[in-house]
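Structure data follow from protein_6.cif (mmCIF, C-alpha atoms):
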data_final
loop_
_atom_site.group_PDB
_atom_site.id
_atom_site.type_symbol
_atom_site.label_atom_id
_atom_site.label_comp_id
_atom_site.auth_asym_id
_atom_site.auth_seq_id
_atom_site.Cartn_x
_atom_site.Cartn_y
_atom_site.Cartn_z
ATOM 1 C CA MET A 1 -35.584 18.063 213.764
ATOM 2 C CA ALA A 2 -34.746 16.559 217.150
ATOM 3 C CA LEU A 3 -32.815 13.310 217.109
ATOM 4 C CA LYS A 4 -35.600 11.564 219.038
ATOM 5 C CA ASP A 5 -37.926 12.269 216.102
ATOM 6 C CA ARG A 6 -35.566 10.472 213.722
ATOM 7 C CA ILE A 7 -34.556 7.322 215.607
ATOM 8 C CA ALA A 8 -35.304 5.488 218.854
ATOM 9 C CA PHE A 9 -33.004 5.707 221.858
ATOM 10 C CA GLY A 10 -32.300 3.212 224.598
ATOM 11 C CA MET A 11 -30.658 3.928 227.940
ATOM 12 C CA SER A 12 -28.232 1.725 229.833
ATOM 13 C CA LEU A 13 -29.159 0.824 233.376
ATOM 14 C CA PRO A 14 -26.352 1.289 235.900
ATOM 15 C CA HIS A 15 -25.085 -2.269 236.155
ATOM 16 C CA ARG A 16 -21.316 -2.435 235.523
ATOM 17 C CA SER A 17 -18.798 -0.171 237.226
ATOM 18 C CA PRO A 18 -15.385 -0.054 238.917
ATOM 19 C CA GLU A 19 -17.370 0.797 242.088
ATOM 20 C CA PRO A 20 -20.413 -0.925 243.602
ATOM 21 C CA ILE A 21 -23.727 0.374 242.241
ATOM 22 C CA ASP A 22 -26.503 1.418 244.606
ATOM 23 C CA LEU A 23 -29.922 0.019 243.735
ATOM 24 C CA ALA A 24 -31.333 3.508 244.273
ATOM 25 C CA ALA A 25 -29.434 4.607 241.154
ATOM 26 C CA VAL A 26 -30.863 1.681 239.183
ATOM 27 C CA ARG A 27 -34.376 2.595 240.274
ATOM 28 C CA GLN A 28 -33.912 6.299 239.527
ATOM 29 C CA VAL A 29 -32.512 5.708 236.038
ATOM 30 C CA ALA A 30 -35.189 3.125 235.209
ATOM 31 C CA THR A 31 -38.138 5.240 236.297
ATOM 32 C CA ARG A 32 -36.796 8.517 234.932
ATOM 33 C CA ALA A 33 -35.784 7.015 231.568
ATOM 34 C CA GLU A 34 -39.325 5.695 231.227
ATOM 35 C CA ALA A 35 -40.812 9.087 232.120
ATOM 36 C CA LEU A 36 -38.557 10.858 229.616
ATOM 37 C CA GLY A 37 -39.571 8.548 226.770
ATOM 38 C CA PHE A 38 -36.535 6.370 226.183
ATOM 39 C CA ARG A 39 -37.565 3.252 224.258
ATOM 40 C CA ASP A 40 -35.750 0.622 226.285
ATOM 41 C CA LEU A 41 -33.343 -0.152 229.143
ATOM 42 C CA TRP A 42 -30.277 -2.330 228.597
ATOM 43 C CA VAL A 43 -27.592 -4.222 230.478
ATOM 44 C CA THR A 44 -24.702 -6.505 229.556
ATOM 45 C CA GLU A 45 -23.713 -9.957 230.793
ATOM 46 C CA ASN A 46 -20.292 -10.251 232.457
ATOM 47 C CA THR A 47 -20.366 -13.185 234.883
ATOM 48 C CA LEU A 48 -16.662 -13.410 235.707
ATOM 49 C CA ASP A 49 -15.500 -9.818 235.757
ATOM 50 C CA HIS A 50 -12.779 -7.671 237.304
ATOM 51 C CA VAL A 51 -15.345 -4.974 238.131
ATOM 52 C CA PHE A 52 -18.791 -4.909 239.733
ATOM 53 C CA CYS A 53 -21.539 -6.254 237.434
ATOM 54 C CA PHE A 54 -25.142 -7.289 238.091
ATOM 55 C CA ASP A 55 -26.587 -10.451 236.579
ATOM 56 C CA PRO A 56 -28.816 -9.316 233.691
ATOM 57 C CA ILE A 57 -31.953 -11.256 234.615
ATOM 58 C CA VAL A 58 -31.807 -10.107 238.243
ATOM 59 C CA VAL A 59 -31.375 -6.398 237.538
ATOM 60 C CA LEU A 60 -33.862 -6.383 234.639
ATOM 61 C CA THR A 61 -36.470 -8.085 236.818
ATOM 62 C CA TYR A 62 -35.925 -5.364 239.402
ATOM 63 C CA ALA A 63 -36.290 -2.725 236.687
ATOM 64 C CA ALA A 64 -39.468 -4.414 235.470
ATOM 65 C CA ALA A 65 -40.937 -4.137 238.945
ATOM 66 C CA VAL A 66 -40.399 -0.364 239.182
ATOM 67 C CA THR A 67 -41.542 0.504 235.639
ATOM 68 C CA ALA A 68 -44.612 -0.121 233.508
ATOM 69 C CA LYS A 69 -43.918 0.504 229.822
ATOM 70 C CA ILE A 70 -40.228 0.755 228.963
ATOM 71 C CA ARG A 71 -38.722 -2.333 227.322
ATOM 72 C CA LEU A 72 -35.965 -4.403 228.945
ATOM 73 C CA GLY A 73 -32.991 -5.889 227.109
ATOM 74 C CA ALA A 74 -29.584 -7.494 227.534
ATOM 75 C CA SER A 75 -26.881 -7.286 224.897
ATOM 76 C CA VAL A 76 -25.479 -9.747 224.821
ATOM 77 C CA VAL A 77 -26.214 -13.021 226.574
ATOM 78 C CA VAL A 78 -23.496 -15.444 225.506
ATOM 79 C CA LEU A 79 -25.552 -18.514 224.693
ATOM 80 C CA GLN A 80 -22.664 -20.985 224.773
ATOM 81 C CA ILE A 81 -22.143 -20.587 228.528
ATOM 82 C CA HIS A 82 -25.807 -21.382 229.285
ATOM 83 C CA SER A 83 -28.302 -24.114 228.623
ATOM 84 C CA PRO A 84 -30.754 -22.793 226.019
ATOM 85 C CA LEU A 85 -33.502 -24.409 228.101
ATOM 86 C CA MET A 86 -32.635 -22.176 231.045
ATOM 87 C CA VAL A 87 -32.277 -19.065 228.867
ATOM 88 C CA ALA A 88 -35.657 -19.740 227.268
ATOM 89 C CA HIS A 89 -37.322 -20.124 230.659
ATOM 90 C CA GLN A 90 -35.649 -17.100 232.280
ATOM 91 C CA TRP A 91 -36.543 -14.773 229.433
ATOM 92 C CA ALA A 92 -40.057 -16.130 229.072
ATOM 93 C CA CYS A 93 -40.526 -15.419 232.779
ATOM 94 C CA LEU A 94 -39.099 -11.891 232.397
ATOM 95 C CA ASP A 95 -41.459 -11.276 229.497
ATOM 96 C CA TYR A 96 -44.355 -12.645 231.558
ATOM 97 C CA VAL A 97 -43.704 -10.603 234.710
ATOM 98 C CA SER A 98 -43.032 -7.422 232.683
ATOM 99 C CA ASN A 99 -46.176 -7.916 230.578
ATOM 100 C CA GLY A 100 -44.329 -8.325 227.290
ATOM 101 C CA ARG A 101 -41.304 -6.039 227.495
ATOM 102 C CA ALA A 102 -38.286 -8.360 227.152
ATOM 103 C CA ILE A 103 -35.662 -8.161 224.389
ATOM 104 C CA LEU A 104 -33.068 -10.935 224.332
ATOM 105 C CA GLY A 105 -29.766 -9.981 222.747
ATOM 106 C CA VAL A 106 -27.525 -12.975 222.035
ATOM 107 C CA GLY A 107 -23.934 -13.475 220.961
ATOM 108 C CA ILE A 108 -21.508 -16.249 220.197
ATOM 109 C CA GLY A 109 -18.938 -15.226 222.790
ATOM 110 C CA ARG A 110 -15.171 -14.875 222.750
ATOM 111 C CA GLU A 111 -12.238 -17.111 223.584
ATOM 112 C CA HIS A 112 -12.296 -16.332 227.295
ATOM 113 C CA HIS A 113 -15.934 -17.414 227.632
ATOM 114 C CA TYR A 114 -15.120 -20.912 226.363
ATOM 115 C CA ARG A 115 -12.033 -21.113 228.576
ATOM 116 C CA GLN A 116 -13.676 -19.808 231.747
ATOM 117 C CA PHE A 117 -16.814 -21.915 231.437
ATOM 118 C CA GLU A 118 -14.962 -24.947 230.055
ATOM 119 C CA VAL A 119 -17.009 -25.147 226.884
ATOM 120 C CA ASP A 120 -15.504 -26.779 223.809
ATOM 121 C CA PRO A 121 -15.348 -24.087 221.077
ATOM 122 C CA ALA A 122 -15.595 -26.716 218.334
ATOM 123 C CA GLY A 123 -18.759 -26.258 216.336
ATOM 124 C CA ARG A 124 -19.596 -23.015 218.133
ATOM 125 C CA VAL A 125 -21.583 -21.592 215.198
ATOM 126 C CA THR A 126 -23.687 -24.763 214.901
ATOM 127 C CA ARG A 127 -24.192 -24.767 218.669
ATOM 128 C CA PHE A 128 -25.286 -21.118 218.587
ATOM 129 C CA ARG A 129 -27.814 -21.710 215.824
ATOM 130 C CA GLU A 130 -29.231 -24.758 217.610
ATOM 131 C CA GLU A 131 -29.575 -22.727 220.797
ATOM 132 C CA VAL A 132 -31.490 -19.973 219.010
ATOM 133 C CA ASP A 133 -33.738 -22.569 217.353
ATOM 134 C CA ILE A 134 -34.489 -24.275 220.667
ATOM 135 C CA ILE A 135 -35.274 -21.004 222.473
ATOM 136 C CA LYS A 136 -37.729 -20.018 219.748
ATOM 137 C CA ALA A 137 -39.296 -23.478 219.742
ATOM 138 C CA LEU A 138 -39.811 -23.505 223.509
ATOM 139 C CA TRP A 139 -41.425 -20.071 223.274
ATOM 140 C CA THR A 140 -43.775 -20.910 220.426
ATOM 141 C CA GLU A 141 -44.519 -24.648 220.321
ATOM 142 C CA GLY A 142 -46.726 -26.657 222.657
ATOM 143 C CA ARG A 143 -44.417 -29.655 222.631
ATOM 144 C CA VAL A 144 -40.878 -29.488 221.343
ATOM 145 C CA ASN A 145 -39.075 -32.256 219.502
ATOM 146 C CA TYR A 146 -35.562 -31.387 218.400
ATOM 147 C CA GLN A 147 -32.656 -33.465 217.166
ATOM 148 C CA GLY A 148 -29.474 -31.519 216.567
ATOM 149 C CA ARG A 149 -25.755 -32.046 216.818
ATOM 150 C CA PHE A 150 -25.572 -30.671 220.375
ATOM 151 C CA TYR A 151 -29.127 -30.665 221.697
ATOM 152 C CA HIS A 152 -31.910 -33.245 221.770
ATOM 153 C CA LEU A 153 -35.442 -32.728 223.043
ATOM 154 C CA ALA A 154 -38.291 -35.230 222.988
ATOM 155 C CA ASN A 155 -41.827 -33.987 223.555
ATOM 156 C CA GLU A 156 -40.782 -31.290 226.049
ATOM 157 C CA THR A 157 -42.911 -28.397 227.298
ATOM 158 C CA MET A 158 -42.268 -25.094 229.067
ATOM 159 C CA ALA A 159 -44.390 -22.581 230.971
ATOM 160 C CA PRO A 160 -45.040 -19.727 231.364
ATOM 161 C CA ARG A 161 -45.048 -18.763 227.720
ATOM 162 C CA PRO A 162 -43.914 -15.261 226.764
ATOM 163 C CA VAL A 163 -46.537 -12.544 226.468
ATOM 164 C CA GLN A 164 -45.121 -11.223 223.180
ATOM 165 C CA GLN A 165 -46.240 -13.015 220.051
ATOM 166 C CA PRO A 166 -44.923 -14.862 218.216
ATOM 167 C CA HIS A 167 -42.072 -14.465 220.716
ATOM 168 C CA PRO A 168 -39.899 -11.798 222.373
ATOM 169 C CA PRO A 169 -37.506 -10.229 219.869
ATOM 170 C CA ILE A 170 -34.070 -11.813 219.610
ATOM 171 C CA TRP A 171 -31.383 -9.302 218.670
ATOM 172 C CA MET A 172 -27.880 -10.392 217.771
ATOM 173 C CA GLY A 173 -24.694 -8.696 218.871
ATOM 174 C CA VAL A 174 -22.163 -10.094 216.430
ATOM 175 C CA GLY A 175 -19.303 -8.643 214.419
ATOM 176 C CA HIS A 176 -17.923 -11.146 211.900
ATOM 177 C CA PRO A 177 -19.202 -10.492 208.348
ATOM 178 C CA ASP A 178 -20.787 -13.957 208.106
ATOM 179 C CA ALA A 179 -22.509 -13.413 211.460
ATOM 180 C CA LEU A 180 -23.687 -9.959 210.405
ATOM 181 C CA ARG A 181 -25.370 -11.430 207.326
ATOM 182 C CA ARG A 182 -26.852 -14.168 209.503
ATOM 183 C CA ALA A 183 -28.278 -11.521 211.839
ATOM 184 C CA GLY A 184 -29.942 -9.857 208.875
ATOM 185 C CA ARG A 185 -31.454 -13.180 207.836
ATOM 186 C CA ILE A 186 -32.689 -14.605 211.144
ATOM 187 C CA ALA A 187 -32.534 -12.038 213.978
ATOM 188 C CA ASP A 188 -35.091 -9.447 215.039
ATOM 189 C CA GLY A 189 -32.463 -6.699 215.422
ATOM 190 C CA TRP A 190 -28.711 -6.107 215.564
ATOM 191 C CA MET A 191 -26.640 -4.125 218.054
ATOM 192 C CA GLY A 192 -22.945 -3.359 217.692
ATOM 193 C CA SER A 193 -20.963 -3.754 220.902
ATOM 194 C CA GLY A 194 -19.888 -0.800 223.000
ATOM 195 C CA GLY A 195 -16.275 -1.911 222.783
ATOM 196 C CA SER A 196 -16.254 -1.891 218.981
ATOM 197 C CA ARG A 197 -15.110 1.118 216.994
ATOM 198 C CA ILE A 198 -17.635 3.479 215.507
ATOM 199 C CA SER A 199 -15.886 2.981 212.169
ATOM 200 C CA ASP A 200 -16.590 -0.751 212.524
ATOM 201 C CA PHE A 201 -20.276 0.062 212.966
ATOM 202 C CA ALA A 202 -20.245 2.075 209.740
ATOM 203 C CA ALA A 203 -18.691 -0.872 207.912
ATOM 204 C CA ALA A 204 -21.083 -3.416 209.461
ATOM 205 C CA VAL A 205 -24.384 -1.734 208.577
ATOM 206 C CA PRO A 206 -24.231 -2.497 204.820
ATOM 207 C CA ILE A 207 -23.402 -6.145 205.579
ATOM 208 C CA VAL A 208 -26.404 -6.498 207.892
ATOM 209 C CA LYS A 209 -28.545 -4.962 205.158
ATOM 210 C CA GLU A 210 -27.163 -7.523 202.682
ATOM 211 C CA GLY A 211 -28.486 -10.276 204.929
ATOM 212 C CA LEU A 212 -31.843 -8.532 205.174
ATOM 213 C CA ALA A 213 -32.046 -8.224 201.403
ATOM 214 C CA GLU A 214 -31.115 -11.895 200.920
ATOM 215 C CA ALA A 215 -34.021 -12.843 203.178
ATOM 216 C CA GLY A 216 -36.410 -10.389 201.521
ATOM 217 C CA ARG A 217 -36.779 -8.419 204.749
ATOM 218 C CA ASP A 218 -37.498 -4.709 205.147
ATOM 219 C CA ALA A 219 -34.510 -2.857 206.600
ATOM 220 C CA ALA A 220 -36.744 0.017 207.718
ATOM 221 C CA ASN A 221 -38.429 -2.246 210.279
ATOM 222 C CA PHE A 222 -35.248 -3.931 211.510
ATOM 223 C CA PRO A 223 -33.449 -2.319 214.481
ATOM 224 C CA ILE A 224 -29.853 -1.433 213.614
ATOM 225 C CA SER A 225 -28.175 -0.177 216.751
ATOM 226 C CA LYS A 226 -24.959 0.287 218.679
ATOM 227 C CA ARG A 227 -24.166 0.590 222.362
ATOM 228 C CA VAL A 228 -22.294 3.884 222.741
ATOM 229 C CA PHE A 229 -20.309 4.531 225.897
ATOM 230 C CA MET A 230 -20.735 8.238 226.567
ATOM 231 C CA ALA A 231 -19.816 11.207 228.721
ATOM 232 C CA VAL A 232 -21.271 14.675 228.185
ATOM 233 C CA ASP A 233 -20.182 17.848 229.985
ATOM 234 C CA GLU A 234 -19.905 21.530 229.197
ATOM 235 C CA ARG A 235 -16.217 21.040 230.046
ATOM 236 C CA PRO A 236 -14.988 18.686 227.295
ATOM 237 C CA GLU A 237 -11.870 17.754 229.250
ATOM 238 C CA VAL A 238 -14.049 16.462 232.098
ATOM 239 C CA ALA A 239 -16.156 14.370 229.723
ATOM 240 C CA ARG A 240 -13.081 12.839 228.110
ATOM 241 C CA ALA A 241 -11.449 12.078 231.469
ATOM 242 C CA GLU A 242 -14.553 10.212 232.649
ATOM 243 C CA LEU A 243 -14.750 8.123 229.499
ATOM 244 C CA LEU A 244 -10.974 7.507 229.530
ATOM 245 C CA ARG A 245 -11.273 6.098 233.045
ATOM 246 C CA TRP A 246 -13.999 3.717 231.830
ATOM 247 C CA PHE A 247 -12.054 2.455 228.838
ATOM 248 C CA THR A 248 -8.881 2.161 230.937
ATOM 249 C CA ASP A 249 -10.257 0.504 234.075
ATOM 250 C CA VAL A 250 -13.138 -1.524 232.637
ATOM 251 C CA TYR A 251 -12.235 -2.254 229.014
ATOM 252 C CA ARG A 252 -8.463 -1.979 229.456
ATOM 253 C CA ASN A 253 -8.417 -0.230 226.091
ATOM 254 C CA PRO A 254 -7.608 3.476 226.513
ATOM 255 C CA PRO A 255 -7.696 4.176 222.728
ATOM 256 C CA GLY A 256 -11.354 3.144 222.793
ATOM 257 C CA THR A 257 -12.107 6.468 224.464
ATOM 258 C CA ASP A 258 -11.946 8.186 221.095
ATOM 259 C CA LEU A 259 -12.433 5.256 218.699
ATOM 260 C CA CYS A 260 -15.436 3.566 220.324
ATOM 261 C CA GLY A 261 -17.096 6.130 222.582
ATOM 262 C CA ILE A 262 -18.492 9.634 222.339
ATOM 263 C CA HIS A 263 -17.561 12.454 224.713
ATOM 264 C CA GLY A 264 -17.647 16.232 224.835
ATOM 265 C CA THR A 265 -20.038 19.124 225.129
ATOM 266 C CA PRO A 266 -23.731 18.619 224.350
ATOM 267 C CA GLU A 267 -23.167 20.157 220.911
ATOM 268 C CA ILE A 268 -20.278 17.814 220.117
ATOM 269 C CA VAL A 269 -22.169 14.764 221.363
ATOM 270 C CA ARG A 270 -25.204 15.689 219.269
ATOM 271 C CA GLU A 271 -23.020 16.022 216.161
ATOM 272 C CA ARG A 272 -21.442 12.617 216.761
ATOM 273 C CA LEU A 273 -24.836 10.976 217.200
ATOM 274 C CA GLU A 274 -26.006 12.633 213.984
ATOM 275 C CA GLU A 275 -23.041 10.991 212.261
ATOM 276 C CA MET A 276 -24.134 7.582 213.513
ATOM 277 C CA VAL A 277 -27.652 8.153 212.224
ATOM 278 C CA ALA A 278 -26.115 8.985 208.851
ATOM 279 C CA MET A 279 -24.230 5.663 209.030
ATOM 280 C CA GLY A 280 -27.566 3.834 209.196
ATOM 281 C CA ALA A 281 -28.472 3.609 212.882
ATOM 282 C CA ASN A 282 -32.207 3.627 213.551
ATOM 283 C CA HIS A 283 -31.719 2.931 217.270
ATOM 284 C CA LEU A 284 -28.864 3.832 219.602
ATOM 285 C CA LEU A 285 -28.167 2.650 223.129
ATOM 286 C CA LEU A 286 -26.730 5.522 225.163
ATOM 287 C CA ASN A 287 -24.466 4.194 227.932
ATOM 288 C CA PRO A 288 -23.269 6.744 230.507
ATOM 289 C CA VAL A 289 -20.305 5.505 232.523
ATOM 290 C CA SER A 290 -20.645 7.653 235.659
ATOM 291 C CA ARG A 291 -22.928 10.213 237.320
ATOM 292 C CA TYR A 292 -25.819 8.148 235.979
ATOM 293 C CA GLU A 293 -28.776 10.307 236.958
ATOM 294 C CA GLU A 294 -27.091 13.537 235.866
ATOM 295 C CA GLN A 295 -25.913 12.057 232.570
ATOM 296 C CA LEU A 296 -29.390 10.680 231.867
ATOM 297 C CA GLU A 297 -30.844 14.175 232.076
ATOM 298 C CA ALA A 298 -28.061 15.670 229.946
ATOM 299 C CA LEU A 299 -28.411 13.037 227.227
ATOM 300 C CA ALA A 300 -32.191 13.427 227.208
ATOM 301 C CA GLU A 301 -31.619 17.082 226.365
ATOM 302 C CA VAL A 302 -29.097 16.213 223.645
ATOM 303 C CA VAL A 303 -31.543 13.929 221.801
ATOM 304 C CA GLY A 304 -34.593 16.126 222.402
ATOM 305 C CA LEU A 305 -36.474 14.084 224.999
ATOM 306 C CA LYS A 306 -36.609 17.087 227.348
#
Mind turning the file's structure into structure tokens?
Amino acid sequence: MALKDRIAFGMSLPHRSPEPIDLAAVRQVATRAEALGFRDLWVTENTLDHVFCFDPIVVLTYAAAVTAKIRLGASVVVLQIHSPLMVAHQWACLDYVSNGRAILGVGIGREHHYRQFEVDPAGRVTRFREEVDIIKALWTEGRVNYQGRFYHLANETMAPRPVQQPHPPIWMGVGHPDALRRAGRIADGWMGSGGSRISDFAAAVPIVKEGLAEAGRDAANFPISKRVFMAVDERPEVARAELLRWFTDVYRNPPGTDLCGIHGTPEIVRERLEEMVAMGANHLLLNPVSRYEEQLEALAEVVGLK
């Protein structure tokens, strides 16, 4: 059985690279991924970065304009460096202009986010939960009244409303065990980060499922995913060199080449993806790191989409 008949696959848009990215590559990957049958297109958020990186809302809006059906997600938007009012409005507008295709992935952020954006990390979990609550309320309620520790709204409204009902899905990209359980209880999906080890993904899946069980939710209908940085080539040494450059220049973590990513011949890559399905993935985000159009075609063959 082809992998595409067992789980759903997303494709990363070209959006972050040591070199500038041509919009023609973004358009080609977006339109071709849709034609091939990938479920969704994804980007990251890296506002202050040492490499080239598009803003997620800007590049996803562009992708929405050149496609018709494929879904559009970011994993993750670090809520603490934004106003939840602005996030709610931006993503409602993306859902509106794309006719109901937005997926908002959110995370709690890391130390450098709080330092760079001068946000007090105290109470960050409470702040995160309030932000999620406010975004959902602005998407679903006519008038919002909210009194929290960090945020206060009195009879506020927002338009346009999202097309998706009751609201666009909110996935969480978190890694701490408590946050993993929380994702299972309150999120609409979970995606492990591309910089995390595949072994960490295997350990996280049962914890997410614990949270789902605690909330009486069906794990079969809950997306459990991971961004996988990838390079595929008939010459395995070429594939590894490309992924090593990514983890060295972008992530500054050369060991991640083998611990976090997948590289090799099509046969090797297929075997590694099969392993992740066995770990509990029911969705995987394939993230080529170079030669975007060529890698898209090669990965489509690996998973059975062509």
Taking the file as I've supplied it (selection: the PyMOL selection byres ((chain A and resi 179-189) around 10)), which residues are included? Please answer as a PyMOL selection string. chain A and resi 103-108+125+129+132+168-178+190-192+204-219+221-225+283
Spell out the residues picked by the PyMOL selection byres ((chain A and resi 198) around 8) here, as a short mmCIF file (atom, residue, chain, number, x, y, z; two decimals) with C-alpha atoms, keeping the file's coordinate frame.
data_model
loop_
_atom_site.label_atom_id
_atom_site.label_comp_id
_atom_site.auth_asym_id
_atom_site.auth_seq_id
_atom_site.Cartn_x
_atom_site.Cartn_y
_atom_site.Cartn_z
CA SER A 196 -16.25 -1.89 218.98
CA ARG A 197 -15.11 1.12 216.99
CA SER A 199 -15.89 2.98 212.17
CA ASP A 200 -16.59 -0.75 212.52
CA PHE A 201 -20.28 0.06 212.97
CA ALA A 202 -20.24 2.08 209.74
CA LEU A 259 -12.43 5.26 218.70
CA CYS A 260 -15.44 3.57 220.32
CA GLY A 261 -17.10 6.13 222.58
CA MET A 276 -24.13 7.58 213.51
#
Residues within 12 Å of Pro121 (chain A), please, as a list of chain:residue names. Count all atoms listed in the file; anything in the same chain fewer than 6 positions from it doesn't count.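 The neighbour list is A:Gln80, A:Ile81, A:Ile108, A:Gly109, A:Arg110, A:Glu111, A:His112, A:His113, A:Tyr114, A:Arg115, A:Arg127, A:Phe128.
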Can you tell me, as number ranges by chain, what residues are no more than 7 Å from Ala231 (chain A) when counting only C-alpha atoms, ignoring any on the same chain fewer than 3 positions away? A: 239-240, 242-243, 262-264, 288-289
So for region 69-88 of chain A, what box centre and size do we get, axis-aligned, 3 Å extra on each of the six sides, every listed atom, Å to one decimal, as lines of an AutoDock Vina configuration file?
center_x = -33.0
center_y = -11.8
center_z = 227.9
size_x = 27.8
size_y = 31.2
size_z = 12.4
Between A:Ala278, A:Leu60, A:Ile268, A:Leu285, which one has atoms that come closest to Val302 (chain A), using all atoms listed in the file?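 Selected residue with least distance to Val302 (chain A): A:Ile268.
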Quick one, how far is CA of Asn46 (chain A) from CA of Asp258 (chain A)?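 According to the coordinates, CA of Asn46 (chain A) and CA of Asp258 (chain A) are separated by 23.2 Å.
A straight line drawn from CA of Arg124 (chain A) to CA of Leu284 (chain A) is 28.4 Å long.
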List the residues selected by the PyMOL selection byres ((chain A and resi 31) around 9) in the file shown, writing them as an MDAnalysis selection string. chainID A and resid 26:30 32:36 63 66:68 70
Which residue, A:Asn145, A:Thr157, A:Thr265, A:Thr248, has the smallest gap to Pro236 (chain A) when you use only C-alpha atoms? A:Thr265
Give me region 183-200 of chain A with N, CA and C atoms filled in, as a compact mmCIF listing (two decimals), in the frame of the given file.
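Below you can see rebuild_34.txt, which holds the result:
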# COMPACT_ATOMS: atom_id res chain seq x y z
N ALA A 183 -27.37 -12.35 211.03
CA ALA A 183 -28.28 -11.52 211.84
C ALA A 183 -29.36 -10.91 210.96
N GLY A 184 -28.96 -10.44 209.78
CA GLY A 184 -29.94 -9.86 208.88
C GLY A 184 -30.97 -10.88 208.40
N ARG A 185 -30.54 -12.14 208.33
CA ARG A 185 -31.45 -13.18 207.84
C ARG A 185 -32.39 -13.71 208.92
N ILE A 186 -31.89 -13.86 210.17
CA ILE A 186 -32.69 -14.60 211.14
C ILE A 186 -33.00 -13.85 212.44
N ALA A 187 -32.31 -12.74 212.71
CA ALA A 187 -32.53 -12.04 213.98
C ALA A 187 -33.68 -11.04 213.85
N ASP A 188 -34.05 -10.47 215.00
CA ASP A 188 -35.09 -9.45 215.04
C ASP A 188 -34.50 -8.06 215.24
N GLY A 189 -33.17 -7.96 215.27
CA GLY A 189 -32.46 -6.70 215.42
C GLY A 189 -30.98 -6.98 215.57
N TRP A 190 -30.16 -5.96 215.39
CA TRP A 190 -28.71 -6.11 215.56
C TRP A 190 -28.17 -4.91 216.33
N MET A 191 -27.27 -5.19 217.28
CA MET A 191 -26.64 -4.12 218.05
C MET A 191 -25.13 -4.33 218.07
N GLY A 192 -24.39 -3.33 217.59
CA GLY A 192 -22.94 -3.36 217.69
C GLY A 192 -22.51 -3.17 219.13
N SER A 193 -21.41 -3.80 219.51
CA SER A 193 -20.96 -3.75 220.90
C SER A 193 -20.39 -2.39 221.25
N GLY A 194 -20.44 -2.07 222.54
CA GLY A 194 -19.89 -0.80 223.00
C GLY A 194 -18.38 -0.74 222.88
N GLY A 195 -17.72 -1.89 222.89
CA GLY A 195 -16.27 -1.91 222.78
C GLY A 195 -15.76 -1.92 221.36
N SER A 196 -16.67 -1.93 220.39
CA SER A 196 -16.25 -1.89 218.98
C SER A 196 -16.15 -0.45 218.51
N ARG A 197 -15.33 -0.23 217.50
CA ARG A 197 -15.11 1.12 216.99
C ARG A 197 -16.32 1.61 216.21
N ILE A 198 -16.54 2.90 216.27
CA ILE A 198 -17.64 3.48 215.51
C ILE A 198 -17.41 3.26 214.01
N SER A 199 -16.17 3.27 213.58
CA SER A 199 -15.89 2.98 212.17
C SER A 199 -16.27 1.55 211.81
N ASP A 200 -16.15 0.62 212.76
CA ASP A 200 -16.59 -0.75 212.52
C ASP A 200 -18.10 -0.81 212.35
